[in-house]
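So the structure is just underneath, and the comments pick up after that.
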Protein chains: 2
Amino acid sequence: MPAMPAPEPLTMRERYRAQVRGEVKQAALSQLAESGPAGLSVSAIGKQLGVSGPALYRYFASRDELLTELVIDAYADLTDALRAAASQPAGLEPRPRFEALARAYRSWALAQPHRYRLLYGPPLPGYDAHAQRLVDASQAAMNQLLGVLRELGDRTAPAPPQPLASQLTAWALAHDPGTGPATALRALLVWSRLHGLVSLEIAGNFAAMGIDPDQVFEAALGALAV
Amino acid sequence: MPAMPAPEPLTMRERYRAQVRGEVKQAALSQLAESGPAGLSVSAIGKQLGVSGPALYRYFASRDELLTELVIDAYADLTDALRAAASQPAGLEPRPRFEALARAYRSWALAQPHRYRLLYGPPLPGYDAHAQRLVDASQAAMNQLLGVLRELGDRTAPAPPQPLASQLTAWALAHDPGTGPATALRALLVWSRLHGLVSLEIAGNFAAMGIDPDQVFEAALGALAV
DNA sequence: GACGATAGTTATAGGTCCTAACGCAAGAGA
DNA sequence: TCTCTTGCGTTAGGACCTATAACTATCGTC
């Protein structure tokens with residue numbers, strides 16, 4: 001938890017702003033869910049809120065900024081879901097905790113595919129401007145994975161070859177000091193596998209083949225963490 | 001190879017149409033490469049071809065139809081690249097052939113990321129209308145994978161549990177009769193892993209962590225086909 | 001050579017994002 | 001309590017987009 005910005009008592013106007021921003025984002029999400037990111041229109045959001053289009057530009061500089069905000073919120077939400085799954089008291093064993101994490105990842109994505117697509121789908125709009133915020137938000141989700149994988153043990157996976165190993169330790173060091181390069185690499189690979197499975201499932205590729213995605217995932221689960 | 005539609009000698013007009021359609025698609029690809037799918041504009045394509053916007057509607061019913069066509073072409077192109085890699089005379093051993101296939105998949109995607117994103121990125125527009133064509137095009141690419149994996153041998157992978165096994169055999173049967181359910185499942189998983197790695201790399205996620213994607217891929221290659 | 005199909009043109013309707021200029025309400029300070 | 005300033009929301013408009021309609025001119029075919 002980074003230090004919360006000192007909870008300066010908000011003025012009424014600030015509270016109003018915050019609340020309206022929230023409502024706008026919620027309306028945007030509902031539009032997103034049914035029309036996809038392309039169909040998200042500022043005017044339509046305004047109409048849904050009983051307000052005329054350009055009014056929203058008092059709250060978001062642009063449609064892209066709104067989208068970026070949605071992406072960051074989605075990362076934060078996914079991170080929360082992962083944290084909840086990883087820290088559930090039931091499974092003290094690392095392996096069940098790992099599987100719970102993987103299932104939570106998939107469940108989150110299936111429950112709100114439009115938000116998942118928002119995360120990994122589009123070439124992001126305000127690329128340079130907000131890039132750092134996005135990377136940070138994504139790293140927060142990765143950290144949950146790192147934590148659980150560390151508990152899973154560094155298993156005698158062959159240490160990655162040199163140029164890679166130092167990159168991995170440098171990266172892991174910034175986020176979870178005790179992590180070795182082998183675990184970091186494992187995290188990357190697990191992440192990519194999860195994403196591969198989930199994104200294909202969401203895109204409907206398994207269903208189009210007449211194959212039940214649930215069972216594919218369960219079958220994949222055993223070999224996920226290598 | 002499905003039977004080619006009888007090569008009725010094309011009239012001059014038909015040949016002209018075909019050629020213009022090709023030029024439009026090529027111009028669209030070039031726009032796609034620099035502006036992303038959102039920036040693809042019919043007027044801009046027209047301008048690039050020295051023709052005024054609405055003229056293109058003689059050749060494509062809509063912007064979405066044009067996009068769909070691009071997707072199908074991309075699948076076909078990817079399939080060709082995979083076939084070429086899988087059937088290269090050099091490697092007769094199944095394992096090197098498999099690795100060549102995997103590398104070819106990644107190389108194709110890296111060489112033209114905008115086309116790869118087109119394949120797996122967006123929720124497709126003309127969803128119902130052209131769905132079957134899209135599925136077929138995608139299956140053609142999968143078949144290359146199936147072929148090589150079959151040669152890799154059915155390895156004593158535990159046969160998938162029942163409901164899944166019959167779905168897999170039904171699917172494999174339609175495309176490659178001799179394939180068993182274990183191999184079919186393996187193909188699905190390999191595909192999802194390849195896609196996971198490649199799509200994260202293309203989205204810049206590895207680079208954003210300061211990690212060289214080449215090395216991640218090489219490290220992942222060994223454990224790809226399980 | 002005359003006809004008919006069709007390529008390409010401009011004009012236009014309806015939609016998008018976003019900016020600009022305005023009026024008015026509501027919070028902040030005395 | 002009264003004033004002042006901040007800033008919200010409105011409408012108008014520019015620039016762009018997709019897509020259709022009506023028209024012209026050209027090109028292939030008979």
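Ligands are numbered from 1 in the order shown, residues from 1 within each chain, and chains are lettered A, B, ... in the order they appear in the structure tokens.
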(message) Residues of chain A within 9 Å of chain D, counting only C-alpha atoms (C1' of nucleotides) - could you list those as a PyMOL selection string?
(response) chain A and resi 51-52+54-55+58
Restricting it to N, CA and C atoms, dump the selection as a short mmCIF file (atom, residue, chain, number, x, y, z; two decimals), in the first residue's frame.
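Okay, this is what ended up in selection.cif:
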data_model
loop_
_atom_site.label_atom_id
_atom_site.label_comp_id
_atom_site.auth_asym_id
_atom_site.auth_seq_id
_atom_site.Cartn_x
_atom_site.Cartn_y
_atom_site.Cartn_z
N VAL A 51 -27.55 14.41 -19.07
CA VAL A 51 -26.69 15.58 -19.19
C VAL A 51 -26.23 15.66 -20.64
N SER A 52 -26.00 16.83 -21.12
CA SER A 52 -25.67 16.92 -22.53
C SER A 52 -24.16 16.77 -22.76
N PRO A 54 -21.06 17.60 -24.07
CA PRO A 54 -19.84 18.31 -23.71
C PRO A 54 -19.68 18.57 -22.21
N ALA A 55 -20.75 18.42 -21.45
CA ALA A 55 -20.62 18.63 -20.01
C ALA A 55 -19.55 17.72 -19.41
N ARG A 58 -15.83 18.56 -18.53
CA ARG A 58 -15.38 19.18 -17.28
C ARG A 58 -14.72 18.15 -16.38
#
Can you give chain A as a JSON list (two decimals) with C-alpha atoms, in the first residue's frame after you superpose it on chain B, pairing all C-alpha atoms in order for the least-squares fit?
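Here's the written file superposed_37.json:
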[["chain", "number", "residue", "atom", "x", "y", "z"],
["A", 1, "MET", "CA", -6.56, -27.52, -50.39],
["A", 2, "PRO", "CA", -10.26, -27.24, -50.99],
["A", 3, "ALA", "CA", -11.16, -27.46, -54.64],
["A", 4, "MET", "CA", -10.38, -24.17, -56.29],
["A", 5, "PRO", "CA", -13.46, -22.57, -57.75],
["A", 6, "ALA", "CA", -13.27, -23.46, -61.41],
["A", 7, "PRO", "CA", -11.00, -20.83, -62.98],
["A", 8, "GLU", "CA", -13.71, -19.46, -65.22],
["A", 9, "PRO", "CA", -11.91, -17.03, -67.46],
["A", 10, "LEU", "CA", -12.55, -13.74, -65.73],
["A", 11, "THR", "CA", -14.06, -10.95, -67.71],
["A", 12, "MET", "CA", -12.09, -7.76, -67.89],
["A", 13, "ARG", "CA", -14.42, -6.10, -65.43],
["A", 14, "GLU", "CA", -13.96, -8.88, -62.93],
["A", 15, "ARG", "CA", -10.22, -8.66, -63.24],
["A", 16, "TYR", "CA", -10.39, -4.93, -62.74],
["A", 17, "ARG", "CA", -12.53, -5.39, -59.66],
["A", 18, "ALA", "CA", -10.18, -7.96, -58.22],
["A", 19, "GLN", "CA", -7.20, -5.76, -58.75],
["A", 20, "VAL", "CA", -8.82, -2.71, -57.21],
["A", 21, "ARG", "CA", -9.98, -4.77, -54.24],
["A", 22, "GLY", "CA", -6.40, -5.84, -53.77],
["A", 23, "GLU", "CA", -5.12, -2.29, -53.90],
["A", 24, "VAL", "CA", -7.72, -1.17, -51.41],
["A", 25, "LYS", "CA", -6.72, -3.91, -49.01],
["A", 26, "GLN", "CA", -3.08, -3.02, -49.35],
["A", 27, "ALA", "CA", -3.76, 0.64, -48.69],
["A", 28, "ALA", "CA", -5.87, -0.37, -45.71],
["A", 29, "LEU", "CA", -3.01, -2.43, -44.35],
["A", 30, "SER", "CA", -0.62, 0.45, -44.62],
["A", 31, "GLN", "CA", -3.05, 2.71, -42.78],
["A", 32, "LEU", "CA", -3.55, 0.00, -40.20],
["A", 33, "ALA", "CA", 0.14, -0.29, -39.58],
["A", 34, "GLU", "CA", 0.48, 3.31, -38.58],
["A", 35, "SER", "CA", -2.87, 4.32, -37.14],
["A", 36, "GLY", "CA", -4.24, 1.11, -35.66],
["A", 37, "PRO", "CA", -7.63, -0.32, -36.46],
["A", 38, "ALA", "CA", -9.41, 2.70, -35.03],
["A", 39, "GLY", "CA", -7.61, 5.05, -37.40],
["A", 40, "LEU", "CA", -8.51, 3.10, -40.49],
["A", 41, "SER", "CA", -10.74, 5.47, -42.43],
["A", 42, "VAL", "CA", -12.45, 4.87, -45.73],
["A", 43, "SER", "CA", -11.89, 8.42, -46.87],
["A", 44, "ALA", "CA", -8.20, 8.21, -46.08],
["A", 45, "ILE", "CA", -7.86, 5.01, -48.05],
["A", 46, "GLY", "CA", -9.61, 6.68, -50.94],
["A", 47, "LYS", "CA", -7.28, 9.63, -50.76],
["A", 48, "GLN", "CA", -4.27, 7.34, -50.73],
["A", 49, "LEU", "CA", -5.57, 5.69, -53.89],
["A", 50, "GLY", "CA", -6.38, 9.00, -55.55],
["A", 51, "VAL", "CA", -10.08, 8.33, -55.40],
["A", 52, "SER", "CA", -12.83, 9.95, -53.44],
["A", 53, "GLY", "CA", -14.21, 8.18, -50.39],
["A", 54, "PRO", "CA", -17.54, 6.67, -51.36],
["A", 55, "ALA", "CA", -16.05, 5.12, -54.49],
["A", 56, "LEU", "CA", -14.75, 2.31, -52.34],
["A", 57, "TYR", "CA", -18.23, 1.21, -51.46],
["A", 58, "ARG", "CA", -18.44, -0.29, -54.92],
["A", 59, "TYR", "CA", -15.83, -2.78, -53.75],
["A", 60, "PHE", "CA", -16.61, -3.34, -50.11],
["A", 61, "ALA", "CA", -20.05, -3.19, -48.58],
["A", 62, "SER", "CA", -18.76, -1.53, -45.47],
["A", 63, "ARG", "CA", -15.69, -0.67, -43.46],
["A", 64, "ASP", "CA", -16.36, -3.74, -41.38],
["A", 65, "GLU", "CA", -16.44, -6.02, -44.38],
["A", 66, "LEU", "CA", -13.08, -4.63, -45.41],
["A", 67, "LEU", "CA", -11.72, -5.35, -41.95],
["A", 68, "THR", "CA", -13.12, -8.85, -42.02],
["A", 69, "GLU", "CA", -11.42, -9.42, -45.32],
["A", 70, "LEU", "CA", -8.16, -8.27, -43.85],
["A", 71, "VAL", "CA", -8.57, -10.68, -40.97],
["A", 72, "ILE", "CA", -9.17, -13.59, -43.30],
["A", 73, "ASP", "CA", -6.18, -12.66, -45.42],
["A", 74, "ALA", "CA", -4.07, -12.44, -42.31],
["A", 75, "TYR", "CA", -5.10, -15.90, -41.19],
["A", 76, "ALA", "CA", -4.29, -17.27, -44.61],
["A", 77, "ASP", "CA", -0.92, -15.57, -44.57],
["A", 78, "LEU", "CA", -0.10, -16.85, -41.12],
["A", 79, "THR", "CA", -1.15, -20.32, -42.18],
["A", 80, "ASP", "CA", 1.21, -20.15, -45.13],
["A", 81, "ALA", "CA", 4.07, -19.05, -42.91],
["A", 82, "LEU", "CA", 3.42, -21.93, -40.54],
["A", 83, "ARG", "CA", 3.15, -24.42, -43.34],
["A", 84, "ALA", "CA", 6.41, -23.23, -44.79],
["A", 85, "ALA", "CA", 8.14, -23.59, -41.45],
["A", 86, "ALA", "CA", 6.64, -27.00, -40.74],
["A", 87, "SER", "CA", 7.56, -28.43, -44.09],
["A", 88, "GLN", "CA", 11.02, -27.10, -44.44],
["A", 89, "PRO", "CA", 13.24, -29.96, -45.57],
["A", 90, "ALA", "CA", 16.06, -29.29, -43.13],
["A", 91, "GLY", "CA", 14.60, -30.65, -39.93],
["A", 92, "LEU", "CA", 13.27, -34.13, -40.30],
["A", 93, "GLU", "CA", 13.19, -34.64, -36.56],
["A", 94, "PRO", "CA", 9.82, -33.74, -35.12],
["A", 95, "ARG", "CA", 11.17, -31.73, -32.22],
["A", 96, "PRO", "CA", 13.16, -29.21, -34.28],
["A", 97, "ARG", "CA", 10.23, -28.94, -36.64],
["A", 98, "PHE", "CA", 8.01, -28.07, -33.74],
["A", 99, "GLU", "CA", 10.39, -25.41, -32.56],
["A", 100, "ALA", "CA", 10.65, -24.03, -36.05],
["A", 101, "LEU", "CA", 6.88, -23.81, -36.15],
["A", 102, "ALA", "CA", 6.74, -21.98, -32.84],
["A", 103, "ARG", "CA", 9.44, -19.55, -33.93],
["A", 104, "ALA", "CA", 7.66, -18.98, -37.21],
["A", 105, "TYR", "CA", 4.46, -18.16, -35.36],
["A", 106, "ARG", "CA", 6.24, -15.58, -33.27],
["A", 107, "SER", "CA", 8.22, -14.19, -36.16],
["A", 108, "TRP", "CA", 5.14, -13.67, -38.24],
["A", 109, "ALA", "CA", 3.48, -11.81, -35.40],
["A", 110, "LEU", "CA", 6.51, -9.65, -34.66],
["A", 111, "ALA", "CA", 7.00, -8.76, -38.29],
["A", 112, "GLN", "CA", 3.49, -7.36, -38.58],
["A", 113, "PRO", "CA", 2.06, -6.78, -35.14],
["A", 114, "HIS", "CA", -0.88, -4.80, -36.46],
["A", 115, "ARG", "CA", -2.08, -7.82, -38.38],
["A", 116, "TYR", "CA", -1.63, -10.10, -35.41],
["A", 117, "ARG", "CA", -3.64, -7.74, -33.27],
["A", 118, "LEU", "CA", -6.25, -7.80, -35.95],
["A", 119, "LEU", "CA", -6.52, -11.55, -35.54],
["A", 120, "TYR", "CA", -6.83, -11.81, -31.81],
["A", 121, "GLY", "CA", -7.43, -8.31, -30.63],
["A", 122, "PRO", "CA", -10.77, -6.89, -31.47],
["A", 123, "PRO", "CA", -14.22, -8.15, -30.83],
["A", 124, "LEU", "CA", -15.00, -8.78, -34.42],
["A", 125, "PRO", "CA", -17.43, -6.51, -36.17],
["A", 126, "GLY", "CA", -19.60, -8.53, -38.55],
["A", 127, "TYR", "CA", -19.88, -11.13, -35.90],
["A", 128, "ASP", "CA", -22.64, -13.34, -37.17],
["A", 129, "ALA", "CA", -22.39, -12.78, -40.86],
["A", 130, "HIS", "CA", -18.86, -13.87, -41.53],
["A", 131, "ALA", "CA", -18.28, -15.89, -38.40],
["A", 132, "GLN", "CA", -17.99, -19.19, -40.21],
["A", 133, "ARG", "CA", -15.43, -17.92, -42.68],
["A", 134, "LEU", "CA", -13.35, -16.60, -39.81],
["A", 135, "VAL", "CA", -13.52, -19.83, -37.88],
["A", 136, "ASP", "CA", -12.49, -21.77, -40.94],
["A", 137, "ALA", "CA", -9.57, -19.49, -41.62],
["A", 138, "SER", "CA", -8.41, -19.84, -38.05],
["A", 139, "GLN", "CA", -8.74, -23.60, -38.15],
["A", 140, "ALA", "CA", -6.48, -23.76, -41.15],
["A", 141, "ALA", "CA", -3.71, -22.26, -39.05],
["A", 142, "MET", "CA", -4.42, -24.68, -36.23],
["A", 143, "ASN", "CA", -4.14, -27.60, -38.58],
["A", 144, "GLN", "CA", -0.48, -26.86, -39.14],
["A", 145, "LEU", "CA", 0.05, -27.15, -35.42],
["A", 146, "LEU", "CA", -1.94, -30.35, -35.24],
["A", 147, "GLY", "CA", 0.13, -31.92, -37.96],
["A", 148, "VAL", "CA", 3.45, -31.23, -36.32],
["A", 149, "LEU", "CA", 2.23, -32.21, -32.88],
["A", 150, "ARG", "CA", 1.00, -35.51, -34.22],
["A", 151, "GLU", "CA", 4.47, -36.25, -35.40],
["A", 152, "LEU", "CA", 5.81, -35.27, -32.05],
["A", 153, "GLY", "CA", 4.00, -38.33, -30.82],
["A", 154, "ASP", "CA", 1.09, -38.92, -28.58],
["A", 155, "ARG", "CA", 3.42, -39.01, -25.61],
["A", 156, "THR", "CA", 1.82, -40.78, -22.71],
["A", 157, "ALA", "CA", -0.02, -37.67, -21.71],
["A", 158, "PRO", "CA", -2.95, -38.76, -19.61],
["A", 159, "ALA", "CA", -6.00, -38.90, -21.84],
["A", 160, "PRO", "CA", -8.30, -36.02, -21.01],
["A", 161, "PRO", "CA", -11.33, -36.84, -18.86],
["A", 162, "GLN", "CA", -14.44, -37.90, -20.58],
["A", 163, "PRO", "CA", -16.71, -35.05, -21.52],
["A", 164, "LEU", "CA", -13.71, -33.21, -22.85],
["A", 165, "ALA", "CA", -12.19, -36.15, -24.67],
["A", 166, "SER", "CA", -15.13, -36.65, -26.98],
["A", 167, "GLN", "CA", -15.36, -32.96, -27.76],
["A", 168, "LEU", "CA", -11.72, -32.99, -28.67],
["A", 169, "THR", "CA", -11.97, -36.04, -30.89],
["A", 170, "ALA", "CA", -15.02, -34.60, -32.59],
["A", 171, "TRP", "CA", -13.14, -31.43, -33.32],
["A", 172, "ALA", "CA", -9.95, -33.15, -34.42],
["A", 173, "LEU", "CA", -11.87, -35.53, -36.58],
["A", 174, "ALA", "CA", -13.21, -32.72, -38.67],
["A", 175, "HIS", "CA", -9.74, -31.47, -39.46],
["A", 176, "ASP", "CA", -7.20, -34.25, -39.13],
["A", 177, "PRO", "CA", -8.79, -37.67, -38.81],
["A", 178, "GLY", "CA", -5.88, -39.56, -37.33],
["A", 179, "THR", "CA", -5.52, -37.31, -34.30],
["A", 180, "GLY", "CA", -6.24, -38.53, -30.81],
["A", 181, "PRO", "CA", -7.78, -36.45, -28.04],
["A", 182, "ALA", "CA", -4.52, -36.11, -26.14],
["A", 183, "THR", "CA", -2.80, -34.57, -29.13],
["A", 184, "ALA", "CA", -5.74, -32.32, -29.78],
["A", 185, "LEU", "CA", -5.68, -31.04, -26.23],
["A", 186, "ARG", "CA", -1.96, -30.53, -26.50],
["A", 187, "ALA", "CA", -2.50, -28.47, -29.62],
["A", 188, "LEU", "CA", -4.99, -26.26, -27.85],
["A", 189, "LEU", "CA", -2.63, -25.71, -24.96],
["A", 190, "VAL", "CA", 0.39, -25.05, -27.13],
["A", 191, "TRP", "CA", -1.65, -22.62, -29.15],
["A", 192, "SER", "CA", -2.81, -20.77, -26.05],
["A", 193, "ARG", "CA", 0.73, -20.58, -24.72],
["A", 194, "LEU", "CA", 2.12, -19.28, -27.95],
["A", 195, "HIS", "CA", -0.62, -16.73, -28.15],
["A", 196, "GLY", "CA", -0.07, -15.69, -24.56],
["A", 197, "LEU", "CA", 3.62, -15.12, -25.04],
["A", 198, "VAL", "CA", 3.32, -13.39, -28.37],
["A", 199, "SER", "CA", 0.44, -11.14, -27.47],
["A", 200, "LEU", "CA", 2.10, -9.95, -24.28],
["A", 201, "GLU", "CA", 5.30, -9.31, -26.17],
["A", 202, "ILE", "CA", 3.51, -7.37, -28.89],
["A", 203, "ALA", "CA", 1.64, -5.32, -26.35],
["A", 204, "GLY", "CA", 5.03, -4.32, -24.98],
["A", 205, "ASN", "CA", 4.53, -5.84, -21.57],
["A", 206, "PHE", "CA", 7.92, -7.51, -21.35],
["A", 207, "ALA", "CA", 9.77, -4.51, -22.67],
["A", 208, "ALA", "CA", 8.01, -2.33, -20.10],
["A", 209, "MET", "CA", 9.60, -4.48, -17.42],
["A", 210, "GLY", "CA", 13.04, -4.07, -18.87],
["A", 211, "ILE", "CA", 13.13, -7.69, -19.97],
["A", 212, "ASP", "CA", 14.25, -8.87, -23.37],
["A", 213, "PRO", "CA", 11.36, -10.70, -25.06],
["A", 214, "ASP", "CA", 13.69, -12.77, -27.22],
["A", 215, "GLN", "CA", 15.16, -14.45, -24.22],
["A", 216, "VAL", "CA", 11.83, -14.99, -22.57],
["A", 217, "PHE", "CA", 10.65, -16.77, -25.65],
["A", 218, "GLU", "CA", 13.72, -18.93, -25.88],
["A", 219, "ALA", "CA", 13.36, -19.80, -22.22],
["A", 220, "ALA", "CA", 9.71, -20.66, -22.73],
["A", 221, "LEU", "CA", 10.31, -22.74, -25.81],
["A", 222, "GLY", "CA", 11.52, -25.78, -23.95],
["A", 223, "ALA", "CA", 8.35, -26.07, -21.89],
["A", 224, "LEU", "CA", 5.95, -25.09, -24.63],
["A", 225, "ALA", "CA", 4.79, -28.46, -25.79],
["A", 226, "VAL", "CA", 3.54, -30.21, -22.70]]
(request) Considering only C-alpha atoms (C1' of nucleotides), extract the chain C residues located within 9 Å of chain B and return them as a VMD selection string. (result) chain C and resid 7 to 9
Could you write those residues out with C-alpha atoms (C1' of nucleotides), as a PDB file, in the first residue's frame?
ATOM      1  C1'  DA C   7     -16.841   3.201 -62.010  1.00  0.00           C
ATOM      2  C1'  DG C   8     -16.323   7.495 -59.992  1.00  0.00           C
ATOM      3  C1'  DT C   9     -18.050  12.064 -58.932  1.00  0.00           C
TER       4       DT C   9
END
